[in-house]
Amino acid sequence: MPTGKLLRAGEFFFFLFLTFVLALVPFGLARRFGAFAGRLLYRLWGGRRRIALDNIGEAVSRGALNAAPPPEEIALGCFENLGVSFVELVKVYCGLGGNLLGGITINGAENFLGARQSGRGIIFVTAHAGNWELLALKSGLEYGGVGVVARPLNNPYLNRFLERARSTFGNHVIYKKGALRRLLALLKSGGMVGILMDQAVLKDEGRVVPFLGRGAWTTRMPLVLAKRTGAAVFPAFIRRTASGHEITIYPEADLGGTEEEVLGRLNLAIEKFVSENPSQWLWIHRRWKRVEHPA
């Protein structure tokens, strides 16, 4: 077996061992371990820590995060959220997360059920916020399968494992390459699609619109799909609470106006979540890359 393939296989088996151990640990203890792992990652992953601190500091200086905790506290909370989210997903993927999924509350379901009952396709616009993987799993459990757009992992063994796990409750993973045709077909048949739109995209994939006080490359995908299928677009986010998780589905987005205006309104929905839950957004991504920094 080639060295690279052997290394990936080793990574996969270590991941399986870790998930097996965590799956057997009581939920409370596993979550504490996840938070500890997140804090450890904050100390060790210096590159991403610096990106997070820079992003948060700039957002604060632009006035995009009013009355926010210190950047270090937000960044540490971001890493802790990642650690706890990983443990939660391990439990669910190993078939031991029934109580977790059952305890997630959903607010605003009435906002999209009418559109769905009329036969329209549904586009949920969301972000890397809270435990976003649980958002897709809970939606699939309650309302039927959701098509989730994702990028494949570099490790093919891990990717196959994750794809099977994400497909629980009838969901299906649609990889970005060649995704448009599958997404259009799904929406034209009245299906549901989830799109994470808080990542920087290439020039031919988006528009530069404001996000947290500065222009950022933002995907056009929700608008392209909605215009070609008549699907309705709904911002939706999952938030970690003291007692579990809470999903909020907002009213149908207004798609009138220029692309920049519509994308700006969708970005505002994400901004609202970030400003209210700053430690639950993925600050470690270079959200404003390829956009000239204002003087």
# chains A, B, ... in the order shown; residues from 1 in each chain; ligands from 1
$ residues_around --residues "segment 133-142 of chain A" --least-positions-apart "3" --cutoff "9 Å" --atoms "only C-alpha atoms" --output "PyMOL selection string"
chain A and resi 85+88-89+92+101-102+104+128+130+145-148+166-171+194+236-238+245+247
$ residues_around --residues "segment 50-53 of chain A" --least-positions-apart "2" --cutoff "12 Å" --atoms "only C-alpha atoms" --output "PyMOL selection string"
chain A and resi 42-48+55-60+70-79+278-279+281-289
$ write_last_selection --atoms "C-alpha atoms" --output "CSV table (one decimal), in the first residue's frame"
chain,number,residue,atom,x,y,z
A,42,TYR,CA,-7.1,26.8,20.7
A,43,ARG,CA,-3.6,26.7,22.3
A,44,LEU,CA,-2.0,24.3,19.7
A,45,TRP,CA,-3.6,25.5,16.4
A,46,GLY,CA,-1.8,28.9,16.4
A,47,GLY,CA,-2.5,29.7,12.7
A,48,ARG,CA,-6.3,29.4,13.0
A,55,ASN,CA,-11.3,38.5,12.3
A,56,ILE,CA,-12.9,39.3,15.7
A,57,GLY,CA,-10.7,42.2,16.4
A,58,GLU,CA,-11.5,43.8,13.0
A,59,ALA,CA,-15.2,43.2,13.4
A,60,VAL,CA,-15.2,44.9,16.8
A,70,PRO,CA,-13.1,40.4,24.5
A,71,PRO,CA,-11.8,38.8,21.2
A,72,GLU,CA,-9.9,36.1,23.2
A,73,GLU,CA,-13.0,35.0,25.0
A,74,ILE,CA,-15.0,34.8,21.7
A,75,ALA,CA,-12.2,32.9,19.9
A,76,LEU,CA,-11.9,30.4,22.8
A,77,GLY,CA,-15.6,29.9,22.8
A,78,CYS,CA,-15.5,29.2,19.1
A,79,PHE,CA,-13.0,26.4,19.6
A,278,PRO,CA,-20.5,35.5,18.7
A,279,SER,CA,-18.7,32.5,20.1
A,281,TRP,CA,-19.7,31.2,14.5
A,282,LEU,CA,-16.7,29.8,12.7
A,283,TRP,CA,-14.2,32.7,13.0
A,284,ILE,CA,-11.3,30.6,11.9
A,285,HIS,CA,-12.2,30.9,8.2
A,286,ARG,CA,-10.7,33.7,6.1
A,287,ARG,CA,-14.1,35.2,5.3
A,288,TRP,CA,-12.7,38.4,3.7
A,289,LYS,CA,-10.0,36.9,1.5
$ residues_around --residues "Gly178 of chain A" --least-positions-apart "6" --cutoff "12 Å" --atoms "only C-alpha atoms" --output "PDB file with N, CA and C atoms, in the first residue's frame"
ATOM      1  N   VAL A 149     -25.188  20.653   0.450  1.00  0.00           N
ATOM      2  CA  VAL A 149     -24.019  20.893  -0.397  1.00  0.00           C
ATOM      3  C   VAL A 149     -22.771  20.866   0.471  1.00  0.00           C
ATOM      4  N   ALA A 150     -21.760  20.109   0.051  1.00  0.00           N
ATOM      5  CA  ALA A 150     -20.545  19.965   0.862  1.00  0.00           C
ATOM      6  C   ALA A 150     -19.341  19.781  -0.042  1.00  0.00           C
ATOM      7  N   ARG A 151     -18.173  19.967   0.551  1.00  0.00           N
ATOM      8  CA  ARG A 151     -16.917  19.656  -0.121  1.00  0.00           C
ATOM      9  C   ARG A 151     -16.416  18.321   0.420  1.00  0.00           C
ATOM     10  N   LEU A 184     -30.938  21.624  -8.962  1.00  0.00           N
ATOM     11  CA  LEU A 184     -32.080  22.069  -9.739  1.00  0.00           C
ATOM     12  C   LEU A 184     -33.151  20.992  -9.811  1.00  0.00           C
TER      13      LEU A 184
END
$ residues_around --residues "Ala23 of chain A" --least-positions-apart "2" --cutoff "12 Å" --atoms "only C-alpha atoms" --output "PDB file with C-alpha atoms, in the first residue's frame"
ATOM      1  CA  PHE A  15     -10.801   8.296  14.102  1.00  0.00           C
ATOM      2  CA  LEU A  16     -12.862   5.107  14.457  1.00  0.00           C
ATOM      3  CA  PHE A  17     -11.128   4.265  17.739  1.00  0.00           C
ATOM      4  CA  LEU A  18     -11.732   7.761  19.088  1.00  0.00           C
ATOM      5  CA  THR A  19     -15.398   7.741  18.078  1.00  0.00           C
ATOM      6  CA  PHE A  20     -15.893   4.290  19.641  1.00  0.00           C
ATOM      7  CA  VAL A  21     -14.436   5.477  22.946  1.00  0.00           C
ATOM      8  CA  VAL A  25     -18.661   7.777  27.515  1.00  0.00           C
ATOM      9  CA  PRO A  26     -21.712   9.320  29.253  1.00  0.00           C
ATOM     10  CA  PHE A  27     -22.974  12.419  27.450  1.00  0.00           C
ATOM     11  CA  GLY A  28     -22.095  14.935  30.162  1.00  0.00           C
ATOM     12  CA  LEU A  29     -18.544  13.686  30.469  1.00  0.00           C
ATOM     13  CA  ALA A  30     -18.159  13.510  26.680  1.00  0.00           C
ATOM     14  CA  ARG A  31     -19.248  17.135  26.320  1.00  0.00           C
ATOM     15  CA  PHE A  86     -17.688  16.989  17.378  1.00  0.00           C
ATOM     16  CA  VAL A  87     -18.575  14.924  20.447  1.00  0.00           C
ATOM     17  CA  GLU A  88     -22.296  15.453  19.856  1.00  0.00           C
ATOM     18  CA  LEU A  89     -22.000  14.288  16.263  1.00  0.00           C
ATOM     19  CA  VAL A  90     -20.052  11.201  17.315  1.00  0.00           C
ATOM     20  CA  LYS A  91     -22.943  10.263  19.578  1.00  0.00           C
ATOM     21  CA  VAL A  92     -25.507  10.798  16.823  1.00  0.00           C
ATOM     22  CA  TYR A  93     -23.498   8.997  14.148  1.00  0.00           C
ATOM     23  CA  CYS A  94     -23.042   6.023  16.459  1.00  0.00           C
ATOM     24  CA  GLY A  95     -26.794   5.793  17.034  1.00  0.00           C
ATOM     25  CA  LEU A  96     -26.673   7.146  20.590  1.00  0.00           C
ATOM     26  CA  GLY A  97     -27.926  10.686  19.995  1.00  0.00           C
TER      27      GLY A  97
END
$ closest_residue --among "A:Ala231, A:Ala200, A:Leu183, A:Leu100" --to "Ser243 of chain A" --atoms "only C-alpha atoms"
A:Leu100
$ residues_around --residues "Pro156 of chain A" --least-positions-apart "4" --cutoff "9 Å" --atoms "only C-alpha atoms" --output "list in words"
Arg8, Ala9, Pro152, Arg160 and Phe161 of chain A
$ write_last_selection --atoms "C-alpha atoms" --output "PDB file, in the first residue's frame"
ATOM      1  CA  ARG A   8      -4.983   8.020   5.370  1.00  0.00           C
ATOM      2  CA  ALA A   9      -6.014   4.547   6.476  1.00  0.00           C
ATOM      3  CA  PRO A 152     -15.390  16.145   0.059  1.00  0.00           C
ATOM      4  CA  ARG A 160     -17.193   7.831   2.945  1.00  0.00           C
ATOM      5  CA  PHE A 161     -17.847   7.474   6.673  1.00  0.00           C
TER       6      PHE A 161
END
$ atom_distance --atom1 "atom CA of Val233 of chain A" --atom2 "atom CA of Val125 of chain A"
6.9 Å
$ closest_atom_pairs --of "segment 102-170 of chain A" --to "segment 262-267 of chain A" --cutoff "12 Å" --atoms "only C-alpha atoms" --output "CSV"
residue,atom,partner,partner_atom,distance
A:Phe124,CA,A:Leu266,CA,11.0
A:Val125,CA,A:Leu266,CA,7.9
A:Thr126,CA,A:Leu266,CA,9.1
A:Ala127,CA,A:Asn267,CA,9.7
$ write_last_selection --atoms "C-alpha atoms" --output "PDB file, in the first residue's frame"
ATOM      1  CA  PHE A 124     -32.521  26.870   3.656  1.00  0.00           C
ATOM      2  CA  VAL A 125     -29.750  29.467   3.838  1.00  0.00           C
ATOM      3  CA  THR A 126     -27.559  28.991   6.878  1.00  0.00           C
ATOM      4  CA  ALA A 127     -23.983  29.343   8.139  1.00  0.00           C
TER       5      ALA A 127
END
$ atom_distance --atom1 "atom CA of Arg120 of chain A" --atom2 "atom CA of Phe273 of chain A"
26.5 Å
$ closest_residue --among "A:Leu202, A:Ile106, A:Leu158, A:Ala185" --to "Thr229 of chain A" --atoms "only C-alpha atoms"
A:Ala185
$ select_by_dssp --residues "segment 123-179 of chain A" --states "strand (DSSP E)" --output "MDAnalysis selection string"
chainID A and resid 123:126 146:150 172:175
$ atom_distance --atom1 "atom CA of Gly191 of chain A" --atom2 "atom CA of Asn111 of chain A"
16.0 Å
$ residues_around --residues "Glu276 of chain A" --least-positions-apart "4" --cutoff "9 Å" --atoms "only C-alpha atoms" --output "PyMOL selection string"
chain A and resi 65+68+271-272
$ write_last_selection --atoms "C-alpha atoms" --output "CSV table (one decimal), in the first residue's frame"
chain,number,residue,atom,x,y,z
A,65,LEU,CA,-20.0,43.4,17.2
A,68,ALA,CA,-19.2,41.8,22.6
A,271,GLU,CA,-24.8,38.9,10.9
A,272,LYS,CA,-27.7,39.0,13.3
$ closest_residue --among "A:Lys203, A:Arg49, A:Arg228, A:Arg39" --to "Leu180 of chain A" --atoms "only C-alpha atoms"
A:Arg228
$ residues_around --residues "Arg116 of chain A" --least-positions-apart "3" --cutoff "9 Å" --atoms "only C-alpha atoms" --output "PyMOL selection string"
chain A and resi 112-113+119-122+190-192+232
$ write_last_selection --atoms "C-alpha atoms" --output "mmCIF file, in the first residue's frame"
data_model
loop_
_atom_site.group_PDB
_atom_site.id
_atom_site.type_symbol
_atom_site.label_atom_id
_atom_site.label_comp_id
_atom_site.auth_asym_id
_atom_site.auth_seq_id
_atom_site.Cartn_x
_atom_site.Cartn_y
_atom_site.Cartn_z
ATOM 1 C CA PHE A 112 -41.794 27.405 5.341
ATOM 2 C CA LEU A 113 -44.451 24.692 5.693
ATOM 3 C CA GLY A 119 -45.199 22.118 -3.897
ATOM 4 C CA ARG A 120 -42.443 24.713 -4.059
ATOM 5 C CA GLY A 121 -38.853 23.743 -3.462
ATOM 6 C CA ILE A 122 -37.263 24.995 -0.244
ATOM 7 C CA GLY A 190 -40.408 20.145 -4.424
ATOM 8 C CA GLY A 191 -37.404 18.999 -2.398
ATOM 9 C CA MET A 192 -35.346 20.841 0.204
ATOM 10 C CA ALA A 232 -38.551 29.807 -1.643
#
$ select_by_dssp --residues "segment 136-294 of chain A" --states "helix (DSSP H, G or I)" --output "ChimeraX atom specification"
/A:136-143,156-166,168-170,179-188,203-205,221-229,259-276,278-280
$ closest_residue --among "A:Glu260, A:Glu205, A:Asp254, A:Glu246" --to "Ala226 of chain A" --atoms "only C-alpha atoms"
A:Asp254
